[in-house]
>>> print(open('work22.tsv').read())   # TSV, C-alpha atoms
chain	number	residue	atom	x	y	z
U	14	MET	CA	177.80	83.42	25.73
U	15	SER	CA	180.52	85.94	24.95
U	16	ALA	CA	182.77	85.44	21.96
U	17	ASP	CA	185.72	84.82	24.33
U	18	ALA	CA	183.93	82.11	26.28
U	19	ASP	CA	182.79	80.46	23.09
U	20	GLU	CA	186.34	80.51	21.79
U	21	LEU	CA	187.60	78.96	25.03
U	22	ARG	CA	184.95	76.24	24.97
U	23	LYS	CA	185.90	75.32	21.41
U	24	LYS	CA	189.55	75.20	22.35
U	25	LEU	CA	188.83	72.96	25.33
U	26	GLU	CA	186.75	70.63	23.21
U	27	GLU	CA	189.53	70.46	20.67
U	28	ASP	CA	192.10	69.72	23.41
U	29	ASN	CA	189.83	67.05	24.82
U	30	ARG	CA	189.49	65.38	21.46
U	31	LYS	CA	193.24	65.47	20.94
U	32	LEU	CA	193.82	63.88	24.36
U	33	ASN	CA	191.32	61.14	23.59
U	34	ASP	CA	193.01	60.45	20.27
U	35	LEU	CA	196.38	60.36	21.99
U	36	ASN	CA	195.11	57.96	24.62
U	37	HIS	CA	193.71	55.70	21.95
U	38	PHE	CA	196.99	55.87	20.03
U	39	LYS	CA	198.94	55.04	23.20
U	40	THR	CA	197.04	51.82	23.91
U	41	HIS	CA	197.04	50.91	20.22
U	42	LEU	CA	200.82	51.33	20.01
U	43	LEU	CA	201.36	49.48	23.27
U	44	ALA	CA	199.21	46.57	22.14
U	45	LEU	CA	201.04	46.38	18.81
U	46	THR	CA	204.50	46.38	20.34
U	47	SER	CA	203.29	44.08	23.09
U	48	HIS	CA	202.71	41.24	20.65
U	49	GLN	CA	206.21	41.71	19.29
U	50	MET	CA	207.64	41.64	22.81
U	51	LYS	CA	206.14	38.35	23.85
U	52	ALA	CA	208.29	36.12	21.65
U	53	PRO	CA	211.68	37.35	22.94
U	54	LEU	CA	210.35	37.42	26.49
U	55	GLY	CA	209.30	33.79	26.20
U	56	ILE	CA	212.82	32.94	25.05
U	57	ILE	CA	214.47	34.84	27.93
U	58	ARG	CA	212.18	33.14	30.39
U	59	GLY	CA	212.67	29.69	28.87
U	60	TYR	CA	216.47	29.82	28.78
U	61	ALA	CA	216.63	31.24	32.32
U	62	ALA	CA	214.48	28.35	33.55
U	63	LEU	CA	216.62	25.76	31.75
U	64	LEU	CA	219.86	27.28	33.10
U	65	ARG	CA	218.43	27.47	36.61
U	66	ASP	CA	217.39	23.85	36.53
U	67	GLY	CA	220.86	22.75	35.44
U	68	TYR	CA	220.01	21.58	31.90
U	69	TYR	CA	223.16	23.24	30.58
U	70	GLY	CA	225.42	21.97	33.36
U	71	GLU	CA	225.62	22.38	37.11
U	72	ILE	CA	225.43	25.93	38.44
U	73	ASP	CA	226.04	27.13	41.97
U	74	ASN	CA	223.35	28.44	44.31
U	75	ARG	CA	224.12	32.11	43.78
U	76	ALA	CA	223.85	31.74	40.01
U	77	ARG	CA	220.65	29.76	40.46
U	78	GLU	CA	219.13	32.60	42.46
U	79	VAL	CA	220.11	35.08	39.76
U	80	MET	CA	218.55	32.90	37.07
U	81	ALA	CA	215.35	32.73	39.08
U	82	LYS	CA	215.34	36.54	39.25
U	83	ILE	CA	215.73	36.79	35.48
U	84	GLU	CA	212.93	34.28	35.02
U	85	PHE	CA	210.56	36.14	37.35
U	86	ALA	CA	211.38	39.50	35.77
U	87	ALA	CA	210.58	38.08	32.33
U	88	GLU	CA	207.38	36.59	33.73
U	89	ASP	CA	206.37	39.99	35.10
U	90	LEU	CA	206.89	41.53	31.69
U	91	VAL	CA	204.82	38.79	30.06
U	92	ASN	CA	202.04	39.57	32.54
U	93	LEU	CA	202.33	43.29	31.82
U	94	VAL	CA	202.05	42.67	28.10
U	95	ASP	CA	198.99	40.44	28.61
U	96	ASN	CA	197.39	43.09	30.81
U	97	VAL	CA	198.03	45.82	28.24
U	98	ILE	CA	196.43	43.69	25.53
U	99	ASP	CA	193.42	42.94	27.77
U	100	LEU	CA	193.08	46.57	28.78
U	101	ARG	CA	193.04	47.70	25.18
U	102	LYS	CA	190.36	45.16	24.37
U	103	ILE	CA	188.31	46.36	27.35
U	104	GLU	CA	188.74	50.02	26.33
U	105	GLU	CA	187.60	49.24	22.82
U	106	GLY	CA	184.70	47.11	24.03
U	107	ARG	CA	186.18	44.11	22.24
U	108	ILE	CA	186.59	41.83	25.22
U	109	GLU	CA	184.36	38.81	25.01
U	110	TYR	CA	183.04	36.86	27.94
U	111	GLN	CA	182.41	33.19	27.32
U	112	MET	CA	179.79	32.71	29.99
U	113	ALA	CA	178.80	29.24	31.13
U	114	ASN	CA	177.69	27.41	34.25
U	115	ILE	CA	180.93	26.45	35.97
U	116	ASP	CA	182.11	24.97	39.24
U	117	PHE	CA	184.00	27.78	40.96
U	118	VAL	CA	185.74	25.43	43.42
U	119	LYS	CA	187.29	23.42	40.60
U	120	LEU	CA	188.50	26.45	38.69
U	121	ALA	CA	189.96	28.07	41.82
U	122	ARG	CA	191.77	24.85	42.72
U	123	GLN	CA	193.26	24.63	39.21
U	124	ALA	CA	194.45	28.24	39.31
U	125	ALA	CA	196.04	27.76	42.75
U	126	GLU	CA	197.72	24.51	41.69
U	127	GLU	CA	199.30	26.17	38.69
U	128	LEU	CA	200.98	28.72	40.96
U	129	GLY	CA	202.06	26.23	43.63
U	130	HIS	CA	205.57	26.03	42.17
U	131	LEU	CA	205.93	29.80	42.31
U	132	ALA	CA	205.21	29.79	46.04
U	133	SER	CA	207.45	26.81	46.76
U	134	SER	CA	210.32	28.39	44.81
U	135	LYS	CA	210.25	31.13	47.47
U	136	GLY	CA	209.92	28.63	50.29
U	137	LEU	CA	206.32	29.64	50.93
U	138	ASN	CA	203.48	27.31	51.60
U	139	LEU	CA	200.43	27.90	49.41
U	140	GLU	CA	197.39	26.65	51.30
U	141	PHE	CA	194.12	26.04	49.55
U	142	GLN	CA	190.85	25.61	51.41
U	143	ALA	CA	187.46	25.07	49.86
U	144	PRO	CA	184.24	23.24	50.65
U	145	GLN	CA	184.13	19.61	49.47
U	146	LYS	CA	181.35	20.33	47.01
U	147	GLU	CA	180.62	22.17	43.82
U	148	ILE	CA	179.72	25.85	43.94
U	149	MET	CA	178.17	26.75	40.64
U	150	ILE	CA	178.36	30.21	39.13
U	151	TYR	CA	177.65	31.70	35.72
U	152	GLY	CA	180.94	33.04	34.46
U	153	ASP	CA	183.94	33.03	32.17
U	154	GLU	CA	186.38	30.40	33.39
U	155	GLN	CA	189.49	31.94	31.85
U	156	LYS	CA	188.84	35.47	33.06
U	157	LEU	CA	188.21	34.26	36.60
U	158	GLN	CA	191.32	32.09	36.55
U	159	HIS	CA	193.21	35.17	35.42
U	160	VAL	CA	191.88	37.12	38.42
U	161	ILE	CA	192.76	34.37	40.91
U	162	LYS	CA	196.24	33.90	39.47
U	163	ASN	CA	196.81	37.64	39.61
U	164	LEU	CA	195.90	37.78	43.30
U	165	VAL	CA	197.97	34.72	44.22
U	166	ASP	CA	200.90	35.92	42.13
U	167	ASN	CA	200.82	39.28	43.94
U	168	ALA	CA	200.63	37.58	47.35
U	169	VAL	CA	203.71	35.47	46.56
U	170	LYS	CA	205.57	38.46	45.16
U	171	TYR	CA	205.05	40.60	48.25
U	172	THR	CA	205.64	37.87	50.84
U	173	GLU	CA	209.14	36.86	51.88
U	174	LYS	CA	208.27	34.37	54.59
U	175	GLY	CA	205.19	32.85	56.12
U	176	PHE	CA	202.11	31.87	54.20
U	177	VAL	CA	199.80	32.52	51.29
U	178	LYS	CA	196.29	31.18	51.90
U	179	VAL	CA	193.54	30.84	49.34
U	180	ASN	CA	190.11	30.31	50.80
U	181	VAL	CA	186.82	29.68	49.01
U	182	GLU	CA	183.49	29.87	50.81
U	183	GLU	CA	179.82	30.35	50.10
U	184	LYS	CA	178.20	33.32	51.78
U	185	ASP	CA	174.79	34.96	51.34
U	186	GLY	CA	174.24	33.81	47.78
U	187	ASN	CA	177.80	34.55	46.72
U	188	VAL	CA	180.99	32.62	46.40
U	189	VAL	CA	183.84	34.47	48.07
U	190	LEU	CA	187.48	33.82	47.29
U	191	SER	CA	190.11	35.39	49.46
U	192	VAL	CA	193.87	35.41	49.19
U	193	ALA	CA	195.63	36.26	52.43
U	194	ASP	CA	199.35	36.55	52.99
U	195	SER	CA	201.87	37.35	55.71
U	196	GLY	CA	203.73	39.76	53.45
U	197	ILE	CA	204.71	43.40	53.59
U	198	GLY	CA	201.15	44.73	53.73
U	199	ILE	CA	199.79	47.82	52.00
U	200	SER	CA	200.03	51.43	53.17
U	201	GLU	CA	196.63	52.64	54.31
U	202	GLY	CA	196.67	55.66	52.01
U	203	VAL	CA	197.07	53.55	48.90
U	204	GLN	CA	194.37	50.99	49.64
U	205	PRO	CA	191.37	52.94	48.27
U	206	PHE	CA	193.17	53.55	44.95
U	207	LEU	CA	194.81	50.17	44.49
U	208	PHE	CA	192.43	49.02	41.77
U	209	GLU	CA	193.00	52.08	39.60
U	210	GLU	CA	195.32	52.09	36.61
U	211	PHE	CA	199.05	52.36	37.34
U	212	VAL	CA	198.61	52.76	41.10
U	213	ARG	CA	201.30	51.04	43.17
U	214	ASP	CA	202.54	51.35	46.72
U	215	GLU	CA	205.44	53.83	46.61
U	216	ARG	CA	207.37	51.74	49.15
U	217	VAL	CA	207.88	48.87	46.72
U	218	LYS	CA	208.16	50.61	43.37
U	219	GLY	CA	211.93	50.32	43.17
U	220	GLU	CA	212.21	46.86	44.67
U	221	ILE	CA	209.41	44.74	43.35
U	222	ARG	CA	208.47	44.74	39.71
U	223	GLY	CA	204.90	45.26	38.69
U	224	SER	CA	202.91	47.25	36.21
U	225	GLY	CA	200.11	48.64	38.30
U	226	LEU	CA	197.69	47.17	35.78
U	227	GLY	CA	197.00	43.69	37.13
U	228	LEU	CA	194.51	44.69	39.82
U	229	HIS	CA	192.81	47.16	37.50
U	230	VAL	CA	192.15	44.41	34.94
U	231	ALA	CA	191.11	42.02	37.75
U	232	LYS	CA	188.53	44.54	38.99
U	233	MET	CA	187.05	44.93	35.51
U	234	PHE	CA	186.77	41.16	35.08
U	235	VAL	CA	185.11	40.73	38.50
U	236	GLU	CA	182.66	43.58	37.89
U	237	ALA	CA	181.69	42.04	34.55
U	238	HIS	CA	180.46	39.08	36.64
U	239	ASN	CA	178.38	41.40	38.84
U	240	GLY	CA	180.95	40.83	41.52
U	241	LYS	CA	182.95	42.95	43.92
U	242	ILE	CA	186.64	42.99	44.74
U	243	SER	CA	188.24	44.50	47.82
U	244	VAL	CA	191.44	44.71	49.81
U	245	SER	CA	192.20	44.89	53.48
U	246	SER	CA	195.49	45.28	55.26
U	247	GLU	CA	196.23	46.34	58.79
U	248	GLY	CA	199.06	48.36	57.31
U	249	GLU	CA	202.73	48.05	56.54
U	250	GLY	CA	204.34	44.76	57.54
U	251	LYS	CA	201.04	43.20	58.54
U	252	GLY	CA	200.11	41.18	55.48
U	253	SER	CA	197.23	41.73	53.09
U	254	ALA	CA	193.99	40.07	52.16
U	255	PHE	CA	192.28	40.47	48.82
U	256	SER	CA	188.87	39.00	48.21
U	257	PHE	CA	186.24	38.98	45.56
U	258	SER	CA	182.69	37.70	45.49
U	259	ILE	CA	180.48	36.55	42.64
U	260	PRO	CA	176.80	35.58	42.78
U	261	THR	CA	176.13	31.84	42.77
U	262	ILE	CA	173.38	30.23	40.71
T	10	MET	CA	204.81	0.86	20.85
T	11	ARG	CA	207.38	3.58	21.41
T	12	GLU	CA	209.53	3.69	24.49
T	13	LYS	CA	208.98	7.45	24.78
T	14	PRO	CA	206.14	9.48	23.23
T	15	LEU	CA	207.32	11.26	20.08
T	16	VAL	CA	206.48	14.98	20.12
T	17	LEU	CA	206.87	16.99	16.92
T	18	ILE	CA	207.39	20.72	17.52
T	19	VAL	CA	206.80	23.01	14.54
T	20	ASP	CA	208.02	26.60	14.88
T	21	ASP	CA	210.10	29.10	12.92
T	22	GLU	CA	211.86	30.35	16.06
T	23	HIS	CA	214.95	28.24	16.53
T	24	GLU	CA	215.53	29.29	20.14
T	25	LEU	CA	212.01	28.30	21.08
T	26	LEU	CA	212.54	24.91	19.43
T	27	GLU	CA	215.71	24.43	21.45
T	28	ILE	CA	214.04	25.39	24.76
T	29	MET	CA	211.08	23.09	24.15
T	30	SER	CA	213.27	20.23	22.94
T	31	VAL	CA	215.60	20.38	25.94
T	32	LYS	CA	212.70	20.55	28.41
T	33	LEU	CA	210.58	17.85	26.75
T	34	GLY	CA	213.65	15.64	26.23
T	35	ALA	CA	214.45	15.87	29.94
T	36	SER	CA	210.84	15.15	30.88
T	37	GLY	CA	210.59	11.72	29.27
T	38	PHE	CA	209.56	12.63	25.72
T	39	ASP	CA	211.31	12.21	22.41
T	40	PRO	CA	211.21	15.64	20.72
T	41	VAL	CA	211.66	16.23	16.99
T	42	VAL	CA	211.48	19.62	15.29
T	43	ALA	CA	210.34	21.15	12.01
T	44	TYR	CA	211.00	24.74	11.00
T	45	ASN	CA	207.94	25.61	8.92
T	46	ALA	CA	204.40	24.53	8.15
T	47	LYS	CA	205.27	22.41	5.11
T	48	GLU	CA	208.07	20.58	6.92
T	49	GLY	CA	205.67	20.02	9.79
T	50	VAL	CA	203.04	18.37	7.58
T	51	ASP	CA	205.71	16.20	5.91
T	52	ALA	CA	207.25	15.19	9.25
T	53	ALA	CA	203.83	14.30	10.67
T	54	ALA	CA	203.15	12.00	7.67
T	55	LYS	CA	206.57	10.37	7.87
T	56	LEU	CA	207.00	9.99	11.63
T	57	HIS	CA	203.43	9.67	12.92
T	58	PRO	CA	204.24	11.48	16.17
T	59	ASP	CA	202.09	11.00	19.28
T	60	LEU	CA	201.59	14.74	19.50
T	61	VAL	CA	202.28	17.83	17.38
T	62	LEU	CA	202.89	21.24	18.96
T	63	MET	CA	202.18	23.70	16.16
T	64	ASP	CA	203.01	27.40	16.09
T	65	VAL	CA	200.04	29.38	14.73
T	66	ARG	CA	201.85	32.01	12.70
T	67	MET	CA	204.94	31.28	10.68
T	68	PRO	CA	206.48	33.20	7.79
T	69	GLY	CA	205.92	31.92	4.27
T	70	GLY	CA	202.68	31.01	2.58
T	71	GLU	CA	201.31	28.30	4.79
T	72	THR	CA	200.39	29.08	8.39
T	73	GLY	CA	200.39	26.72	11.36
T	74	THR	CA	196.61	26.70	11.21
T	75	ASP	CA	196.75	25.49	7.56
T	76	ALA	CA	199.31	22.83	8.49
T	77	ALA	CA	197.29	21.58	11.46
T	78	LEU	CA	194.14	21.33	9.33
T	79	ALA	CA	196.08	19.55	6.56
T	80	ILE	CA	197.28	16.94	9.06
T	81	LYS	CA	193.72	16.45	10.33
T	82	GLN	CA	192.33	16.17	6.78
T	83	ASN	CA	194.78	13.49	5.66
T	84	PRO	CA	193.25	10.05	6.45
T	85	GLU	CA	196.75	8.76	7.24
T	86	THR	CA	197.46	11.39	9.88
T	87	LYS	CA	194.01	12.51	11.02
T	88	ASP	CA	194.26	10.82	14.44
T	89	ILE	CA	197.49	12.53	15.45
T	90	LYS	CA	196.91	14.83	18.41
T	91	ILE	CA	197.73	18.49	17.76
T	92	ALA	CA	197.99	21.49	20.09
T	93	PHE	CA	198.62	25.02	18.95
T	94	LEU	CA	201.62	26.68	20.51
T	95	SER	CA	201.59	30.44	20.31
T	96	ASN	CA	202.13	33.66	22.19
T	97	LEU	CA	199.24	35.39	20.46
T	98	LYS	CA	196.27	36.33	22.60
T	99	ASP	CA	194.21	36.82	19.47
T	100	PRO	CA	195.47	34.22	17.00
T	101	TRP	CA	192.46	34.46	14.72
T	102	PRO	CA	191.38	38.12	15.04
T	103	ALA	CA	188.65	37.85	12.44
T	104	THR	CA	186.94	35.10	14.41
T	105	GLN	CA	184.84	35.70	17.48
T	106	GLY	CA	185.54	33.72	20.59
T	107	ASP	CA	188.06	32.47	22.96
T	108	ARG	CA	191.24	30.93	21.51
T	109	ASP	CA	191.06	27.65	23.45
T	110	ARG	CA	187.54	27.01	22.27
T	111	LEU	CA	188.41	28.02	18.71
T	112	ALA	CA	191.34	25.57	18.73
T	113	LYS	CA	189.09	22.79	19.98
T	114	GLY	CA	186.45	23.81	17.44
T	115	LEU	CA	189.05	23.24	14.72
T	116	GLY	CA	189.49	19.70	16.02
T	117	MET	CA	192.70	20.29	17.98
T	118	GLU	CA	193.47	19.16	21.51
T	119	ASP	CA	194.56	22.38	23.13
T	120	TYR	CA	196.05	25.85	22.82
T	121	ILE	CA	199.25	26.40	24.76
T	122	ASP	CA	200.80	29.76	25.54
T	123	LYS	CA	204.47	29.72	24.55
T	124	THR	CA	205.38	32.12	27.30
T	125	ALA	CA	203.89	29.92	30.04
T	126	ASP	CA	206.02	28.25	32.69
T	127	LEU	CA	207.84	25.29	31.10
T	128	ASN	CA	206.60	22.95	33.84
T	129	VAL	CA	203.02	23.97	33.05
T	130	ILE	CA	203.63	23.25	29.34
T	131	VAL	CA	205.05	19.80	30.19
T	132	ALA	CA	202.02	19.07	32.40
T	133	ARG	CA	199.66	20.01	29.54
T	134	VAL	CA	201.59	17.77	27.13
T	135	ARG	CA	201.31	14.84	29.59
T	136	GLU	CA	197.60	15.48	30.00
T	137	MET	CA	196.99	15.48	26.23
T	138	LEU	CA	198.97	12.28	25.73
T	139	ALA	CA	197.11	10.54	28.57
T	140	LYS	CA	193.74	11.23	26.93
T	141	LYS	CA	192.34	8.35	24.92
>>> encode(input="work22.tsv", output="structure tokens")
Amino acid sequence: MSADADELRKKLEEDNRKLNDLNHFKTHLLALTSHQMKAPLGIIRGYAALLRDGYYGEIDNRAREVMAKIEFAAEDLVNLVDNVIDLRKIEEGRIEYQMANIDFVKLARQAAEELGHLASSKGLNLEFQAPQKEIMIYGDEQKLQHVIKNLVDNAVKYTEKGFVKVNVEEKDGNVVLSVADSGIGISEGVQPFLFEEFVRDERVKGEIRGSGLGLHVAKMFVEAHNGKISVSSEGEGKGSAFSFSIPTI
Amino acid sequence: MREKPLVLIVDDEHELLEIMSVKLGASGFDPVVAYNAKEGVDAAAKLHPDLVLMDVRMPGGETGTDAALAIKQNPETKDIKIAFLSNLKDPWPATQGDRDRLAKGLGMEDYIDKTADLNVIVARVREMLAKK
């Protein structure tokens, strides 16, 4: 190797190391500030909810809508912060999976029930369908609840009218959960990259808040269960369907 | 027998105490507040609440974890139900494991995320109080 090439290689290695350090510093800093952000965000969200529900006196419909917007924006930020913290743990290999034999139907029902109010606050009907029996898997209950809530939350966020349907079924040795909606759909070009970090559909960036991290974290959690996650949408305005599958035991 | 379940909320953030008190008060509970760990332990001994919601980290020497354990170790107050209330994802970083399980391992009822939907928090409080 010539002296020039050797010099260049060293420089590239050095640059690479610096970039890695910078990346590590970025997530470290984000995670640190994230913790500090959660307390004030909880307060914004809490007061907005109390004002909206009339605990500080009657408010008119317009003001109620605005309060709901503040509450949802704060909720989005809380989710972003949680995702950043999770992502940092994943990057550092510190995430722990508390694996146990669990009934997937029960955990999916719980997750969907917790988000029922979110759907009804937008006038949407959240349907839940599952077999009337247990479907046992080996997994981490909290991580899987996180994934389901993320998918349902997205469906509600991107759907103005119509439905959000959560369906659980057993198929070829897997349990498959799908979340389908009648929302704005996803541009075809974005679909293959949707589970990557910070990827969002350009059409909605200015209008609908989101971090572009939720699906990335969801994918990592599903893959840690030897599962697969995917998206399908006929295109813009035609709704979307996300589904993931995990082996049953 | 109390007409309404008495819920003691211990937190150093005054705004959070107000939010929780207003919501719990409107949801059929009788909320009382304490502003630090020591006050929390004293209030638990004096009032014998049906449930304590305890912040994990508070300024000053004693943490919420210390206070919760002190309540559980006192024979007079050991049967009072306690849930941690925190926005920390990693409340005990030196300890391995999931925070809900760690809380239960310490003898507590639950671990509630402060930033959760208020209706979800109320539902969890109801659930804990309904348990024998």
>>> residues_around(input="work22.tsv", residues="Gly37 in chain T", least_positions_apart="3", cutoff="8 Å", atoms="all atoms listed in the file", output="list in words")
Lys13, Pro14, Leu33 and Gly34 of chain T
>>> atom_distance(input="work22.tsv", atom1="CA of Ile199 in chain U", atom2="CA of Lys251 in chain U")
8.1 Å
>>> atom_distance(input="work22.tsv", atom1="CA of Glu104 in chain U", atom2="CA of Lys31 in chain U")
17.0 Å
>>> residues_around(input="work22.tsv", residues="range 26-28 of chain T", least_positions_apart="2", cutoff="8 Å", atoms="all atoms listed in the file", output="VMD selection string")
(chain U and resid 56 59 to 60 63) or (chain T and resid 18 to 20 22 to 24 30 to 32 42)
>>> closest_atom_pairs(input="work22.tsv", of="chain U", to="chain T", cutoff="8 Å", atoms="all atoms listed in the file", output="JSON lines")
{"residue": "U:His48", "atom": "CA", "partner": "T:Leu97", "partner_atom": "CA", "distance": 6.8}
{"residue": "U:Lys51", "atom": "CA", "partner": "T:Asn96", "partner_atom": "CA", "distance": 6.4}
{"residue": "U:Ala52", "atom": "CA", "partner": "T:Asn96", "partner_atom": "CA", "distance": 6.7}
{"residue": "U:Leu54", "atom": "CA", "partner": "T:Thr124", "partner_atom": "CA", "distance": 7.3}
{"residue": "U:Gly55", "atom": "CA", "partner": "T:Thr124", "partner_atom": "CA", "distance": 4.4}
{"residue": "U:Ile56", "atom": "CA", "partner": "T:Leu25", "partner_atom": "CA", "distance": 6.2}
{"residue": "U:Arg58", "atom": "CA", "partner": "T:Thr124", "partner_atom": "CA", "distance": 7.5}
{"residue": "U:Gly59", "atom": "CA", "partner": "T:Ile28", "partner_atom": "CA", "distance": 6.1}
{"residue": "U:Tyr60", "atom": "CA", "partner": "T:Ile28", "partner_atom": "CA", "distance": 6.5}
{"residue": "U:Ala62", "atom": "CA", "partner": "T:Leu127", "partner_atom": "CA", "distance": 7.7}
{"residue": "U:Leu63", "atom": "CA", "partner": "T:Lys32", "partner_atom": "CA", "distance": 7.3}
{"residue": "U:Tyr68", "atom": "CA", "partner": "T:Val31", "partner_atom": "CA", "distance": 7.5}
{"residue": "U:Val91", "atom": "CA", "partner": "T:Thr124", "partner_atom": "CA", "distance": 7.2}
{"residue": "U:Asp95", "atom": "CA", "partner": "T:Lys98", "partner_atom": "CA", "distance": 7.8}
{"residue": "U:Ile98", "atom": "CA", "partner": "T:Lys98", "partner_atom": "CA", "distance": 7.9}
{"residue": "U:Glu109", "atom": "CA", "partner": "T:Gly106", "partner_atom": "CA", "distance": 6.8}
{"residue": "U:Gln111", "atom": "CA", "partner": "T:Asp107", "partner_atom": "CA", "distance": 7.2}
{"residue": "U:Glu127", "atom": "CA", "partner": "T:Val129", "partner_atom": "CA", "distance": 7.1}
>>> write_last_selection(input="work22.tsv", atoms="C-alpha atoms", output="short mmCIF file (atom, residue, chain, number, x, y, z; two decimals), in the frame of the given file")
data_model
loop_
_atom_site.label_atom_id
_atom_site.label_comp_id
_atom_site.auth_asym_id
_atom_site.auth_seq_id
_atom_site.Cartn_x
_atom_site.Cartn_y
_atom_site.Cartn_z
CA HIS U 48 202.71 41.24 20.65
CA LYS U 51 206.14 38.35 23.85
CA ALA U 52 208.29 36.12 21.65
CA LEU U 54 210.35 37.42 26.49
CA GLY U 55 209.30 33.79 26.20
CA ILE U 56 212.82 32.94 25.05
CA ARG U 58 212.18 33.14 30.39
CA GLY U 59 212.67 29.69 28.87
CA TYR U 60 216.47 29.82 28.78
CA ALA U 62 214.48 28.35 33.55
CA LEU U 63 216.62 25.76 31.75
CA TYR U 68 220.01 21.58 31.90
CA VAL U 91 204.82 38.79 30.06
CA ASP U 95 198.99 40.44 28.61
CA ILE U 98 196.43 43.69 25.53
CA GLU U 109 184.36 38.81 25.01
CA GLN U 111 182.41 33.19 27.32
CA GLU U 127 199.30 26.17 38.69
#
>>> atom_distance(input="work22.tsv", atom1="CA of Glu84 in chain U", atom2="CA of Lys170 in chain U")
13.2 Å
>>> closest_residue(input="work22.tsv", among="U:Asp34, U:Glu88, U:Glu27, U:Asp99", to="Pro53 in chain U", atoms="all atoms listed in the file")
U:Glu88
>>> closest_residue(input="work22.tsv", among="U:Pro260, U:Gly129, U:Gly227, U:Gly250", to="Val189 in chain U", atoms="only C-alpha atoms")
U:Pro260
>>> residues_around(input="work22.tsv", residues="range 51-54 of chain T", least_positions_apart="5", cutoff="12 Å", atoms="all atoms listed in the file", output="ChimeraX atom specification")
/T:15-19,41-46,59-63,76-77,79-91
>>> residues_around(input="work22.tsv", residues="Ile242 in chain U", least_positions_apart="5", cutoff="9 Å", atoms="all atoms listed in the file", output="list in words")
Phe208, Ala231, Lys232, Val235, Glu236, Phe255, Ser256, Phe257 and Ser258 of chain U
>>> residues_around(input="work22.tsv", residues="Gly202 in chain U", least_positions_apart="3", cutoff="10 Å", atoms="only C-alpha atoms", output="short mmCIF file (atom, residue, chain, number, x, y, z; two decimals) with C-alpha atoms, in the frame of the given file")
data_model
loop_
_atom_site.label_atom_id
_atom_site.label_comp_id
_atom_site.auth_asym_id
_atom_site.auth_seq_id
_atom_site.Cartn_x
_atom_site.Cartn_y
_atom_site.Cartn_z
CA ILE U 199 199.79 47.82 52.00
CA PRO U 205 191.37 52.94 48.27
CA PHE U 206 193.17 53.55 44.95
CA LEU U 207 194.81 50.17 44.49
CA ASP U 214 202.54 51.35 46.72
CA GLY U 248 199.06 48.36 57.31
#
>>> axis_aligned_box(input="work22.tsv", around="range 134-145 of chain U", padding_each_side="3 Å", output="AutoDock Vina command-line options")
--center_x 197.2 --center_y 25.4 --center_z 48.2 --size_x 32.2 --size_y 17.5 --size_z 12.8
>>> closest_residue(input="work22.tsv", among="U:Leu32, U:Ile148, U:Leu190, U:Arg122", to="Val244 in chain U", atoms="all atoms listed in the file")
U:Leu190
>>> decode(input="work22.tsv", residues="range 236-244 of chain U", atoms="N, CA, C and O atoms", output="PDB file, in the first residue's frame")
ATOM      1  N   GLU U 236     -38.629  -8.440  16.658  1.00  0.00           N
ATOM      2  CA  GLU U 236     -37.549  -9.327  16.204  1.00  0.00           C
ATOM      3  C   GLU U 236     -36.872 -10.044  17.368  1.00  0.00           C
ATOM      4  O   GLU U 236     -36.400 -11.173  17.214  1.00  0.00           O
ATOM      5  N   ALA U 237     -36.851  -9.389  18.536  1.00  0.00           N
ATOM      6  CA  ALA U 237     -36.275 -10.049  19.716  1.00  0.00           C
ATOM      7  C   ALA U 237     -37.123 -11.246  20.150  1.00  0.00           C
ATOM      8  O   ALA U 237     -36.679 -12.080  20.930  1.00  0.00           O
ATOM      9  N   HIS U 238     -38.361 -11.313  19.645  1.00  0.00           N
ATOM     10  CA  HIS U 238     -39.242 -12.460  19.937  1.00  0.00           C
ATOM     11  C   HIS U 238     -39.255 -13.447  18.765  1.00  0.00           C
ATOM     12  O   HIS U 238     -40.186 -14.240  18.639  1.00  0.00           O
ATOM     13  N   ASN U 239     -38.268 -13.356  17.903  1.00  0.00           N
ATOM     14  CA  ASN U 239     -38.208 -14.162  16.680  1.00  0.00           C
ATOM     15  C   ASN U 239     -39.431 -13.936  15.806  1.00  0.00           C
ATOM     16  O   ASN U 239     -39.930 -14.856  15.151  1.00  0.00           O
ATOM     17  N   GLY U 240     -39.926 -12.734  15.850  1.00  0.00           N
ATOM     18  CA  GLY U 240     -41.130 -12.419  15.080  1.00  0.00           C
ATOM     19  C   GLY U 240     -40.829 -11.536  13.881  1.00  0.00           C
ATOM     20  O   GLY U 240     -39.678 -11.164  13.634  1.00  0.00           O
ATOM     21  N   LYS U 241     -41.905 -11.239  13.156  1.00  0.00           N
ATOM     22  CA  LYS U 241     -41.770 -10.386  11.972  1.00  0.00           C
ATOM     23  C   LYS U 241     -42.858  -9.329  12.002  1.00  0.00           C
ATOM     24  O   LYS U 241     -43.985  -9.596  12.436  1.00  0.00           O
ATOM     25  N   ILE U 242     -42.530  -8.148  11.516  1.00  0.00           N
ATOM     26  CA  ILE U 242     -43.512  -7.068  11.467  1.00  0.00           C
ATOM     27  C   ILE U 242     -43.569  -6.541  10.037  1.00  0.00           C
ATOM     28  O   ILE U 242     -42.544  -6.507   9.353  1.00  0.00           O
ATOM     29  N   SER U 243     -44.759  -6.203   9.585  1.00  0.00           N
ATOM     30  CA  SER U 243     -44.856  -5.714   8.205  1.00  0.00           C
ATOM     31  C   SER U 243     -46.003  -4.714   8.061  1.00  0.00           C
ATOM     32  O   SER U 243     -46.852  -4.591   8.943  1.00  0.00           O
ATOM     33  N   VAL U 244     -45.993  -4.028   6.942  1.00  0.00           N
ATOM     34  CA  VAL U 244     -47.026  -3.035   6.664  1.00  0.00           C
ATOM     35  C   VAL U 244     -47.584  -3.266   5.267  1.00  0.00           C
ATOM     36  O   VAL U 244     -46.868  -3.723   4.374  1.00  0.00           O
TER      37      VAL U 244
END
